[in-house]
Every structure is written in structure tokens, then in C-alpha cells.
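Shown here: protein-v5.cif, mmCIF, C-alpha atoms.
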```cif
data_model
loop_
_atom_site.label_atom_id
_atom_site.label_comp_id
_atom_site.auth_asym_id
_atom_site.auth_seq_id
_atom_site.Cartn_x
_atom_site.Cartn_y
_atom_site.Cartn_z
CA MET A 1 0.00 0.00 0.00
CA ARG A 2 2.92 2.34 0.62
CA LYS A 3 4.16 1.88 -2.96
CA LEU A 4 0.63 2.36 -4.35
CA TRP A 5 0.21 5.55 -2.34
CA THR A 6 3.58 6.92 -3.47
CA THR A 7 2.75 6.23 -7.12
CA ARG A 8 -0.72 7.78 -6.88
CA LEU A 9 0.56 10.82 -5.01
CA ARG A 10 3.37 11.47 -7.50
CA ARG A 11 0.97 11.20 -10.44
CA HIS A 12 -1.61 13.42 -8.73
CA GLN A 13 0.92 16.12 -7.88
CA LYS A 14 2.35 16.10 -11.41
CA ALA A 15 -1.12 16.67 -12.88
CA GLN A 16 -1.92 19.44 -10.40
CA PHE A 17 1.36 21.26 -11.02
CA LYS A 18 0.67 21.19 -14.77
CA TYR A 19 -2.70 22.91 -14.33
CA LEU A 20 -1.48 25.30 -11.63
CA GLN A 21 1.18 26.62 -14.00
CA LEU A 22 -1.59 27.49 -16.44
CA VAL A 23 -3.85 29.01 -13.78
CA PHE A 24 -1.21 31.15 -12.10
CA ASN A 25 0.08 32.76 -15.26
CA ASP A 26 1.72 36.19 -15.31
CA HIS A 27 -1.55 38.06 -15.78
CA PHE A 28 -3.37 36.26 -12.98
CA VAL A 29 -0.46 36.52 -10.54
CA LEU A 30 -0.19 40.27 -11.19
CA ALA A 31 -3.93 40.62 -10.63
CA LEU A 32 -3.71 38.64 -7.39
CA ILE A 33 -0.85 40.78 -6.10
CA ILE A 34 -2.77 43.99 -6.79
CA LEU A 35 -5.97 42.59 -5.29
CA ALA A 36 -4.15 41.29 -2.21
CA GLY A 37 -2.50 44.67 -1.69
CA ALA A 38 -5.85 46.42 -1.97
CA LEU A 39 -7.49 44.04 0.49
CA LEU A 40 -4.65 44.40 2.99
CA TYR A 41 -4.84 48.17 2.74
CA GLY A 42 -8.61 48.14 3.24
CA TYR A 43 -8.27 45.69 6.13
CA SER A 44 -5.70 47.90 7.85
CA GLN A 45 -8.05 50.89 7.54
CA LEU A 46 -10.94 48.85 8.92
CA ILE A 47 -8.91 47.64 11.92
CA GLN A 48 -8.19 51.23 12.94
CA GLN A 49 -11.91 51.96 13.15
CA LEU A 50 -12.97 48.81 15.03
CA THR A 51 -13.86 48.72 18.70
CA PRO A 52 -14.43 45.57 20.83
CA GLN A 53 -18.22 45.49 20.40
CA TRP A 54 -20.40 42.50 21.34
CA TRP A 55 -20.82 41.24 17.77
CA LEU A 56 -17.12 41.25 16.87
CA ARG A 57 -16.16 38.06 18.73
CA PRO A 58 -18.99 35.87 17.34
CA ALA A 59 -18.34 37.28 13.85
CA VAL A 60 -14.63 36.38 13.98
CA ALA A 61 -15.46 32.95 15.43
CA ALA A 62 -17.99 32.36 12.63
CA GLY A 63 -15.39 33.26 10.00
CA LEU A 64 -12.82 30.91 11.51
CA THR A 65 -15.41 28.14 11.78
CA ALA A 66 -16.29 28.61 8.10
CA SER A 67 -12.59 28.28 7.22
CA LEU A 68 -12.59 24.87 8.94
CA SER A 69 -14.95 23.54 6.29
CA LEU A 70 -12.30 24.13 3.60
CA GLY A 71 -10.38 21.04 2.61
CA GLN A 72 -11.83 17.61 1.87
CA LEU A 73 -10.33 14.16 2.25
CA ALA A 74 -8.07 13.58 -0.79
CA ALA A 75 -8.44 9.80 -1.00
CA LEU A 76 -6.86 9.55 -4.51
CA VAL A 77 -8.93 6.46 -5.26
CA GLU A 78 -9.99 5.47 -8.77
CA PRO A 79 -13.20 3.78 -9.97
CA ALA A 80 -11.38 0.51 -10.70
CA ASP A 81 -10.24 0.28 -7.06
CA ALA A 82 -13.74 -0.74 -5.96
CA THR A 83 -13.26 -3.96 -7.95
CA PHE A 84 -9.56 -4.77 -8.07
CA LEU A 85 -8.65 -3.68 -4.53
CA LEU A 86 -11.71 -5.19 -2.87
CA PRO A 87 -9.72 -8.25 -1.60
CA GLN A 88 -7.22 -5.78 -0.07
CA THR A 89 -9.83 -3.83 1.93
CA ALA A 90 -8.13 -4.49 5.27
CA PRO A 91 -4.63 -3.21 4.36
CA PHE A 92 -6.23 -0.43 2.27
CA GLY A 93 -6.93 1.31 5.58
CA GLN A 94 -3.22 2.25 5.69
CA PHE A 95 -3.61 3.89 2.28
CA LEU A 96 -6.51 5.99 3.59
CA LEU A 97 -4.56 6.98 6.70
CA ARG A 98 -1.77 8.32 4.49
CA ALA A 99 -4.38 10.13 2.42
CA ARG A 100 -5.80 11.72 5.57
CA ARG A 101 -2.38 13.00 6.63
CA TYR A 102 -1.74 14.38 3.13
CA SER A 103 -5.14 16.10 3.20
CA LEU A 104 -4.04 18.12 6.25
CA LEU A 105 -1.28 20.01 4.42
CA LEU A 106 -3.21 22.56 2.37
CA PRO A 107 -5.98 23.24 4.93
CA GLY A 108 -3.29 23.57 7.60
CA ALA A 109 -1.54 26.29 5.61
CA VAL A 110 -4.83 28.10 4.93
CA LEU A 111 -5.86 27.95 8.60
CA GLY A 112 -2.44 29.23 9.64
CA MET A 113 -2.84 32.25 7.35
CA ALA A 114 -6.38 32.78 8.66
CA ALA A 115 -5.05 32.88 12.24
CA LEU A 116 -2.34 35.35 11.21
CA ALA A 117 -5.00 37.52 9.56
CA VAL A 118 -6.94 37.56 12.84
CA MET A 119 -3.89 38.73 14.82
CA PRO A 120 -4.72 42.47 14.50
CA LEU A 121 -8.25 41.71 15.70
CA LEU A 122 -6.82 40.05 18.82
CA VAL A 123 -5.13 43.33 19.64
CA VAL A 124 -8.47 45.12 19.22
CA LEU A 125 -10.02 42.55 21.60
CA HIS A 126 -7.22 43.18 24.14
CA ILE A 127 -5.70 39.70 23.76
CA ALA A 128 -1.94 39.15 23.65
CA ALA A 129 -1.15 39.00 19.95
CA TRP A 130 1.56 36.35 19.72
CA SER A 131 0.34 33.92 22.39
CA GLY A 132 -3.24 34.33 21.16
CA THR A 133 -2.29 33.68 17.54
CA LEU A 134 -0.15 30.63 18.39
CA THR A 135 -2.87 28.99 20.50
CA LEU A 136 -5.47 29.89 17.86
CA VAL A 137 -3.42 28.17 15.14
CA LEU A 138 -3.10 25.04 17.29
CA ALA A 139 -6.84 25.07 17.98
CA LEU A 140 -7.72 25.35 14.29
CA TRP A 141 -5.29 22.57 13.37
CA ALA A 142 -6.75 20.29 16.05
CA PHE A 143 -10.29 20.98 14.85
CA LYS A 144 -9.32 20.29 11.24
CA ASP A 145 -7.57 17.08 12.22
CA ALA A 146 -10.76 15.94 13.94
CA ASP A 147 -12.80 16.99 10.90
CA LEU A 148 -10.70 14.82 8.58
CA TRP A 149 -11.04 11.88 10.97
CA LEU A 150 -14.81 12.28 10.75
CA GLN A 151 -14.68 12.49 6.95
CA LEU A 152 -12.69 9.26 6.88
CA LEU A 153 -15.03 7.51 9.33
CA ALA A 154 -17.99 8.50 7.17
CA HIS A 155 -16.80 6.01 4.54
CA TYR A 156 -16.79 3.22 7.15
CA ARG A 157 -20.50 3.71 7.98
CA ALA A 158 -19.61 4.78 11.51
CA PHE A 159 -21.94 5.57 14.39
CA LEU A 160 -23.48 8.93 13.27
CA PRO A 161 -24.71 10.36 9.96
CA ARG A 162 -22.02 12.40 8.25
CA TRP A 163 -23.94 15.69 8.47
CA GLY A 164 -24.50 15.12 12.17
CA ARG A 165 -20.85 14.52 12.90
CA ARG A 166 -19.52 17.50 10.95
CA GLY A 167 -22.41 19.69 12.05
CA LEU A 168 -21.77 18.92 15.72
CA LEU A 169 -18.04 19.48 15.27
CA MET A 170 -18.54 22.87 13.58
CA GLY A 171 -21.04 23.92 16.24
CA LEU A 172 -18.66 22.96 19.03
CA ALA A 173 -15.79 24.73 17.26
CA PHE A 174 -17.84 27.91 17.01
CA VAL A 175 -18.72 27.80 20.72
CA LEU A 176 -15.11 27.15 21.81
CA LEU A 177 -13.67 29.79 19.46
CA THR A 178 -16.17 32.36 20.71
CA ALA A 179 -15.29 31.54 24.31
CA GLY A 180 -11.59 31.75 23.44
CA LEU A 181 -12.05 35.21 21.94
CA TRP A 182 -13.84 36.39 25.08
CA TRP A 183 -10.99 35.31 27.36
CA HIS A 184 -8.03 33.73 25.55
CA PRO A 185 -7.71 31.36 22.53
CA ALA A 186 -5.98 28.88 24.85
CA ILE A 187 -9.49 27.84 25.94
CA ALA A 188 -10.33 26.90 22.34
CA MET A 189 -6.99 25.11 21.99
CA LEU A 190 -7.54 22.99 25.11
CA GLY A 191 -11.06 22.10 24.03
CA ALA A 192 -9.95 21.21 20.49
CA VAL A 193 -7.05 19.06 21.69
CA ALA A 194 -9.29 17.26 24.21
CA LEU A 195 -11.86 16.59 21.50
CA ASN A 196 -9.17 15.35 19.12
CA LEU A 197 -7.66 13.00 21.68
CA ALA A 198 -11.07 11.61 22.62
CA LEU A 199 -11.84 10.97 18.97
CA ARG A 200 -8.49 9.27 18.39
CA TRP A 201 -9.10 7.11 21.48
CA THR A 202 -12.25 5.62 19.96
CA VAL A 203 -11.48 5.85 16.24
CA GLY A 204 -9.92 2.39 16.04
CA ASN A 205 -13.24 0.76 16.91
CA HIS A 206 -14.83 1.91 13.65
CA PHE A 207 -12.31 0.72 11.03
CA ALA A 208 -13.89 -2.66 10.36
CA PRO A 209 -12.84 -3.59 6.78
CA ALA A 210 -16.26 -5.05 5.99
CA THR A 211 -17.94 -1.69 6.57
CA LEU A 212 -15.88 0.28 4.03
CA ASP A 213 -18.21 1.87 1.48
CA TRP A 214 -16.09 1.54 -1.66
CA LEU A 215 -18.65 3.05 -4.02
CA GLY A 216 -19.28 6.00 -1.72
CA LEU A 217 -15.53 6.59 -1.37
CA VAL A 218 -15.03 6.56 -5.16
CA ALA A 219 -18.03 8.87 -5.68
CA ALA A 220 -16.77 11.34 -3.07
CA GLU A 221 -13.30 11.48 -4.64
CA ASP A 222 -14.78 11.89 -8.11
CA LYS A 223 -16.92 14.77 -6.86
CA ARG A 224 -13.93 16.43 -5.18
CA MET A 225 -11.77 16.21 -8.30
CA GLY A 226 -14.70 17.39 -10.43
CA ARG A 227 -14.90 20.62 -8.42
CA LEU A 228 -11.16 21.09 -8.78
CA TYR A 229 -11.14 20.50 -12.53
CA ARG A 230 -14.12 22.81 -13.04
CA PHE A 231 -12.03 25.54 -11.41
CA TYR A 232 -9.12 24.77 -13.74
CA ASN A 233 -11.51 24.79 -16.67
CA LEU A 234 -12.10 28.51 -16.07
CA PHE A 235 -8.51 29.15 -17.14
CA THR A 236 -7.67 26.36 -19.57
CA ASP A 237 -9.26 23.41 -21.35
CA VAL A 238 -9.39 20.30 -19.19
CA PRO A 239 -9.66 17.11 -21.29
CA GLY A 240 -13.01 15.40 -20.81
CA LEU A 241 -14.49 18.30 -18.86
CA GLY A 242 -16.60 21.12 -20.19
CA GLY A 243 -18.07 24.13 -18.49
CA GLY A 244 -21.61 22.89 -19.14
CA VAL A 245 -24.58 24.37 -20.99
CA ARG A 246 -27.89 25.35 -19.38
CA ARG A 247 -31.08 26.48 -21.03
CA ARG A 248 -31.73 29.50 -18.77
CA LYS A 249 -35.04 30.32 -20.37
CA TRP A 250 -35.49 33.35 -18.13
CA LEU A 251 -32.50 35.00 -19.87
CA ASP A 252 -34.15 34.77 -23.28
CA VAL A 253 -35.44 38.33 -22.75
CA PHE A 254 -31.95 39.49 -23.78
CA LEU A 255 -31.96 37.66 -27.12
CA PRO A 256 -34.11 40.29 -28.93
CA LEU A 257 -31.22 42.71 -28.40
CA VAL A 258 -29.75 41.13 -31.53
CA ALA A 259 -31.91 40.96 -34.65
CA ARG A 260 -32.09 37.56 -36.32
CA THR A 261 -30.65 38.61 -39.67
CA PRO A 262 -27.77 37.14 -41.71
CA ALA A 263 -25.66 40.16 -40.81
CA ASN A 264 -26.03 39.34 -37.11
CA THR A 265 -25.46 35.59 -37.29
CA TRP A 266 -22.29 35.61 -35.23
CA ALA A 267 -23.61 38.24 -32.83
CA TYR A 268 -26.68 36.12 -32.06
CA LEU A 269 -24.57 32.98 -31.67
CA PHE A 270 -22.12 34.65 -29.27
CA LEU A 271 -24.92 36.21 -27.20
CA ARG A 272 -26.74 32.91 -26.88
CA GLY A 273 -23.49 31.11 -26.04
CA PHE A 274 -22.63 33.67 -23.37
CA LEU A 275 -26.04 33.31 -21.72
CA ARG A 276 -26.01 29.51 -21.80
CA ARG A 277 -22.43 28.52 -21.09
CA THR A 278 -21.72 28.38 -17.37
CA GLU A 279 -18.00 29.14 -17.61
CA PHE A 280 -18.69 32.62 -19.04
CA LEU A 281 -21.90 33.90 -17.47
CA GLY A 282 -21.22 32.36 -14.06
CA LEU A 283 -17.67 33.70 -13.90
CA THR A 284 -18.79 37.19 -14.96
CA VAL A 285 -21.52 37.32 -12.32
CA ARG A 286 -19.23 36.07 -9.56
CA LEU A 287 -16.43 38.50 -10.35
CA ALA A 288 -18.94 41.36 -10.64
CA LEU A 289 -20.36 40.68 -7.18
CA ILE A 290 -16.92 40.19 -5.61
CA GLY A 291 -15.65 43.37 -7.27
CA ALA A 292 -18.64 45.42 -6.08
CA VAL A 293 -18.06 44.27 -2.49
CA VAL A 294 -14.31 44.96 -2.64
CA LEU A 295 -14.82 48.43 -4.14
CA ALA A 296 -17.38 49.23 -1.46
CA LEU A 297 -14.72 48.62 1.21
CA VAL A 298 -11.93 50.65 -0.40
CA GLU A 299 -11.56 54.35 0.38
CA PRO A 300 -8.78 55.98 -1.73
CA VAL A 301 -10.08 57.04 -5.14
CA TRP A 302 -6.86 56.04 -6.92
CA LEU A 303 -7.13 52.52 -5.52
CA VAL A 304 -10.79 52.34 -6.54
CA ALA A 305 -9.84 53.24 -10.11
CA LEU A 306 -7.02 50.68 -10.15
CA LEU A 307 -9.26 47.89 -8.86
CA ALA A 308 -12.00 48.77 -11.35
CA LEU A 309 -9.48 48.45 -14.19
CA LEU A 310 -8.29 45.16 -12.73
CA PHE A 311 -11.75 43.56 -12.50
CA VAL A 312 -12.74 44.68 -15.99
CA TYR A 313 -9.47 43.29 -17.37
CA LEU A 314 -9.92 39.98 -15.54
CA VAL A 315 -13.43 39.46 -16.90
CA GLY A 316 -12.38 40.54 -20.38
CA PHE A 317 -9.42 38.16 -20.35
CA GLN A 318 -11.71 35.28 -19.33
CA LEU A 319 -14.16 36.12 -22.13
CA LEU A 320 -11.55 35.57 -24.85
CA PRO A 321 -12.14 31.78 -25.16
CA LEU A 322 -15.73 32.53 -26.20
CA ALA A 323 -14.41 33.98 -29.47
CA LEU A 324 -12.95 30.57 -30.34
CA ALA A 325 -15.64 28.43 -28.73
CA TYR A 326 -17.21 27.43 -32.06
CA GLN A 327 -14.00 26.77 -33.99
CA GLU A 328 -14.51 23.00 -33.71
CA VAL A 329 -18.12 23.17 -34.98
CA VAL A 330 -17.91 22.31 -38.66
CA PHE A 331 -21.12 24.15 -39.58
CA THR A 332 -19.65 27.52 -38.59
CA HIS A 333 -17.04 27.05 -41.33
CA LEU A 334 -19.81 26.53 -43.87
CA TYR A 335 -21.44 29.89 -43.16
CA PRO A 336 -21.12 32.21 -46.21
CA LEU A 337 -19.94 34.97 -43.88
CA PRO A 338 -16.63 36.86 -43.74
CA ASP A 339 -14.33 36.02 -40.83
CA ALA A 340 -14.16 39.71 -39.91
CA GLN A 341 -17.83 39.52 -38.95
CA ARG A 342 -16.99 36.99 -36.23
CA THR A 343 -14.35 39.27 -34.69
CA HIS A 344 -16.63 42.30 -34.91
CA ALA A 345 -19.52 40.42 -33.28
CA PHE A 346 -17.36 39.20 -30.42
CA THR A 347 -15.89 42.64 -29.71
CA GLN A 348 -19.39 44.13 -29.65
CA LEU A 349 -20.57 41.53 -27.15
CA ALA A 350 -17.44 41.93 -25.02
CA ARG A 351 -17.79 45.71 -24.98
CA GLY A 352 -21.42 45.47 -23.87
CA VAL A 353 -20.67 42.92 -21.14
CA LEU A 354 -17.70 44.91 -19.80
CA LEU A 355 -19.64 48.19 -19.80
CA LEU A 356 -22.43 46.47 -17.87
CA LEU A 357 -19.79 45.07 -15.52
CA ALA A 358 -18.47 48.60 -14.89
CA GLY A 359 -21.99 49.68 -13.96
CA VAL A 360 -22.36 46.80 -11.48
CA LEU A 361 -18.95 47.57 -9.96
CA ALA A 362 -20.01 51.19 -9.48
CA LEU A 363 -22.93 50.02 -7.33
CA GLY A 364 -20.44 49.04 -4.60
CA PRO A 365 -19.22 52.57 -3.76
CA LEU A 366 -22.70 53.94 -4.56
CA MET A 367 -24.31 51.80 -1.84
CA ARG A 368 -22.11 53.58 0.70
CA GLY A 369 -22.87 57.00 -0.74
CA HIS A 370 -19.45 57.49 -2.34
CA TRP A 371 -20.61 59.26 -5.50
CA LEU A 372 -17.12 60.33 -6.57
CA ALA A 373 -15.76 56.80 -6.29
CA ALA A 374 -18.76 55.44 -8.22
CA GLY A 375 -18.12 57.95 -10.99
CA VAL A 376 -14.45 57.00 -11.08
CA VAL A 377 -15.40 53.31 -11.40
CA LEU A 378 -17.73 54.09 -14.31
CA VAL A 379 -15.10 56.15 -16.12
CA ALA A 380 -12.18 53.77 -15.48
CA GLY A 381 -14.27 50.68 -16.25
CA GLY A 382 -15.70 52.26 -19.39
CA VAL A 383 -12.25 53.23 -20.66
CA ALA A 384 -10.94 49.71 -19.98
CA ALA A 385 -13.98 48.11 -21.68
CA VAL A 386 -13.68 50.23 -24.82
CA GLY A 387 -9.90 49.82 -24.94
CA LEU A 388 -10.09 46.04 -24.67
CA ALA A 389 -12.91 45.73 -27.21
CA GLN A 390 -11.54 48.17 -29.78
CA TRP A 391 -7.83 47.45 -29.59
CA TYR A 392 -6.74 44.44 -27.51
CA PHE A 393 -9.30 41.82 -28.60
CA PRO A 394 -9.03 42.44 -32.39
CA ASN A 395 -5.22 42.34 -32.22
CA ARG A 396 -5.25 39.23 -30.06
CA LEU A 397 -7.69 37.38 -32.32
CA ALA A 398 -5.72 38.37 -35.41
CA ARG A 399 -2.65 36.48 -34.20
CA PRO A 400 -2.20 33.00 -35.63
CA ALA A 401 -3.17 30.25 -33.20
#
```
Encoded form using C-alpha cells:
Amino acid sequence: MRKLWTTRLRRHQKAQFKYLQLVFNDHFVLALIILAGALLYGYSQLIQQLTPQWWLRPAVAAGLTASLSLGQLAALVEPADATFLLPQTAPFGQFLLRARRYSLLLPGAVLGMAALAVMPLLVVLHIAAWSGTLTLVLALWAFKDADLWLQLLAHYRAFLPRWGRRGLLMGLAFVLLTAGLWWHPAIAMLGAVALNLALRWTVGNHFAPATLDWLGLVAAEDKRMGRLYRFYNLFTDVPGLGGGVRRRKWLDVFLPLVARTPANTWAYLFLRGFLRRTEFLGLTVRLALIGAVVLALVEPVWLVALLALLFVYLVGFQLLPLALAYQEVVFTHLYPLPDAQRTHAFTQLARGVLLLLAGVLALGPLMRGHWLAAGVVLVAGGVAAVGLAQWYFPNRLARPA
């Protein structure tokens, strides 16, 4: 089982590194750096205005509890395992224990950064920063370790329904974290460690090989990898995985915006594709909402303008694959239409979507009564939308593939 785990892990990591190199390209990394700087600046301004009110401790505890739900058991099983490894069910438990330990790495790093992000809030709550942060990190790690034990036990048909186990754990974590923020996070750490030790004391009683749900384990791993590959599919083509197409009949009200004439064939096709394909409409809506919230929290006008440009560029960059989405459809090559019409139709759609995005982004500062910032977002976003549609997209599409 050790050799099987090593082989699976090496193959899994190689595949993930390949996709991560495509996801974290130069453009996306630059965007993340700018966005992270803006969020840190806004967070520092918010900290200076906070006072230890009654709602602050439960709110921080709720955020930390939500972060505990991040990270699933990476079992690295394959559909064929349910058949060919069935006689090895008993020793396969060692494989799953290694998978559980591996699954702790990424959530552990995320929880550590979450605890560091809470450090300034501990100062606001009059808690010693370094001791509070250290004990908070240990508490979060202990809770996550217990959570992964429960996820593993769920595949052995253990004593409680899965939702009950995780639900009780998250509820207890919220209570202990809230209590720790009222006095000291050491209270949460002691409670989390005691819970973890109690769970480890009894966990061996539930690893009966005959109770392993092979089909449930394979389905859970397939679902986990499906979520991961759908995220990668936003940035690059993942073999065997598409973004999906949905009817969305309620969006048909936008189709009359384009007349059904031969001159608008490509325009109608791109509009319908944008409304139906989940990787374009869904991404645009999510980034628009996130951008509006971020811009509502930022004060300096220059930073508002910079972030507006950034969000418009990000959405525009992610719209580019739509221009080539129908290249593999043979019927589009039979249309008696000039190729320039396709580029013109796409740039028109992109300009409209990005201008609408700029309007949604402006709602963020407008909700807080920042009229100047809202105007800056409209101007900066409009300039970026027109610039991308009139100059960048035509030049990019004119390059040979």
C-alpha cells in the first residue's frame, strides 16, 4: 500500500502542477498581487476603526469556523479500485490513513494564514497578539484534524450520519472559538485538543474492513476532483471536462437585443453562447459581485480606479475563449460569412458585457454614498472596456493560433 500511495501521489501532484502553471500565469499573478495589496490596505483601515463590540467576537469565530470547512479528504482512489482492490480492503486502511495526513497540508496552511489575519483583531479585543495567535493556530489545526477523521469515518459507515458529525463538530468549534475570543484562545486550543484525543481514542473501533463503502468513497473522490477541474476549466481546457450548458429560459429576454438577420449571425450565436455557457456567465456574475463588495470597502479614489481596471481586465481576459468556442463546430465554417464579422460580433458583445460590468462595480461605492468613487469606477471601467474591445481583442484574435 505504501508503494501504491507513493505512485498515486506522484501522479496526482504532477497533474496538479501542470494545471497550476496554467492558472497562475503572469496576468493572474499580477492581478492577485494587486488585489491582495488592496485588500490588505482596506483591512488595515478597517482595523483602525474597530472597537471591541459585542458582535465582533462571534463574527470572527464564525469566520474561523467557516474556514474549517475548507479542505476535503483527498483519497486519490480510482473507480477501478472498488473492484480490483476489494480483496485488499483491510490493508487499504493504511492507504486511507496516508491520504488523511496528506489532506491536512493545504488546509493547515490556509488555517495558519487565517489565524495570522486575525492577529490584528486580537489586539483590538485586548488579547496578547503572539500567544493568542499561536494557540489559535493550534486550535484550528486540532479541529481540522478531527474533521478529517470524521470524513474518513464516514466512509466506514460509523456511528453517526455524516452531516450530524460534521455539524456537531462545527457547532462545538464555534462555541469554543467564541469563548476563546472572550478570554483567551488557549481555551479553544484545550477544548480542540481534548476533542481530538477523545476521537483518536475511539477511532480504532470503527475501522472494520467489511464496513468500508467503496462506491461512496469513489463517488466522493470523483466529486472532489470534479470541483477542482471545473475551477481549472475557467482558465484552460481540461480534457473530458466542459463548463456545461444550461437552457436559462429566463434569460431569453436578452436575445431580442440582436436581430435575427444574416448580418447578425455571429452576434446572435455569441450572445446565446454567453447566456447559456456556465464558464462565461457564471464567472462574470461572480467577479462582478466580488468586485462590487471589494470596491465598497476601499476608500482611496486612486485605488478604486485601479481595482476597477483590474476587475474589468480579468473578466475581459476570461471572455476571450468565447471567441474561439465554435471553432470545432464544422457548420460555422460553412457559413457564407466573412471572418471579420466573427471578430466584430465578439468585440461588440465583449464591450457590452464589460460596460455592464463597470456599472455593477459602481454600485459598490454607490451603496455607501461614495458618489465620486462610483463615478471613477464608471469612467475607469468604461475606458478599460472600450480599450479592450476596440484594440486588444481584435489584435489578439488576429494572431495565428
task = Determine the residue set returned by the PyMOL selection byres ((chain A and resi 149) around 12) for the present structure, and present it as a ChimeraX atom specification.
result = /A:72-73,96-101,103-104,142-148,150-156,158,162,165-166,169,195-204,206-207
query = Do you have the atom CA of Gly352 of chain A-atom CA of Phe274 of chain A distance handy?
reply = 11.9 Å
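Contact shell of Val312 of chain A at 9 Å (only C-alpha atoms; same-chain neighbours under 3 positions omitted): A:Ala288, A:Leu307, A:Ala308, A:Leu309, A:Val315, A:Gly316, A:Phe317, A:Leu354, A:Leu355, A:Leu357, A:Ala358, A:Gly381, A:Gly382, A:Ala384, A:Ala385.
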ask   = Between A:Leu122, A:Arg224, A:Pro338, A:Leu320, which one has atoms that come closest to Pro262 of chain A, using all atoms listed in the file?
value =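 The closest residue to Pro262 of chain A is A:Pro338.
Point (-15.3, 52.4, 1.4) has the following residues at most 10 Å away: Gly42, Gln45, Leu46, Val293, Val294, Leu295, Ala296, Leu297, Val298, Glu299, Pro300, Val301, Val304, Gly364, Pro365, Leu366, Met367, Arg368, Gly369, His370 and Ala373 of chain A (atoms considered: all atoms listed in the file).
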ask   = For the file shown, what are the residues hit by the PyMOL selection byres ((chain A and resi 182) around 10), laid out as a list in words?
value =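 For this structure, the PyMOL selection byres ((chain A and resi 182) around 10) captures Trp54, Arg57, Pro58, Leu125, His126, Ile127, Leu176, Leu177, Thr178, Ala179, Gly180, Leu181, Trp183, His184, Pro185 and Ile187 of chain A.
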request  = Evaluate the PyMOL selection byres ((chain A and resi 92) around 10) and record the selected residues as a ChimeraX atom specification, following the chain and residue labels used in the document.
outcome  = /A:1-2,4-5,85-91,93-97,209,212
note = Across A:Val175, A:Tyr102, A:Leu289, A:Met189, the smallest distance to Leu140 of chain A, with all atoms listed in the file counted, is shown by A:Met189
Between atom CA of Pro52 of chain A and atom CA of Val124 of chain A, distance in Å (one decimal) =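 Rounded to one decimal, the two atoms are 6.2 Å apart.
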key: Shell around segment 112-114 of chain A at 8 Å using all atoms listed in the file, local window under 6 positions removed, as a list in words   =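 So the residues in contact are Leu64, Ser67 and Val137 of chain A.
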Selection from above, C-alpha atoms, as a PDB file, in the coordinates of the input, can you write it?
```pdb
ATOM      1  CA  LEU A  64     -12.820  30.910  11.510  1.00  0.00           C
ATOM      2  CA  SER A  67     -12.590  28.280   7.220  1.00  0.00           C
ATOM      3  CA  VAL A 137      -3.420  28.170  15.140  1.00  0.00           C
TER       4      VAL A 137
END
```
query = Could you pull the residues within 8 Å of Leu378 of chain A, counting all atoms listed in the file, minus those fewer than 5 positions along the same chain, as a PyMOL selection string?
reply = chain A and resi 358-359+361-362
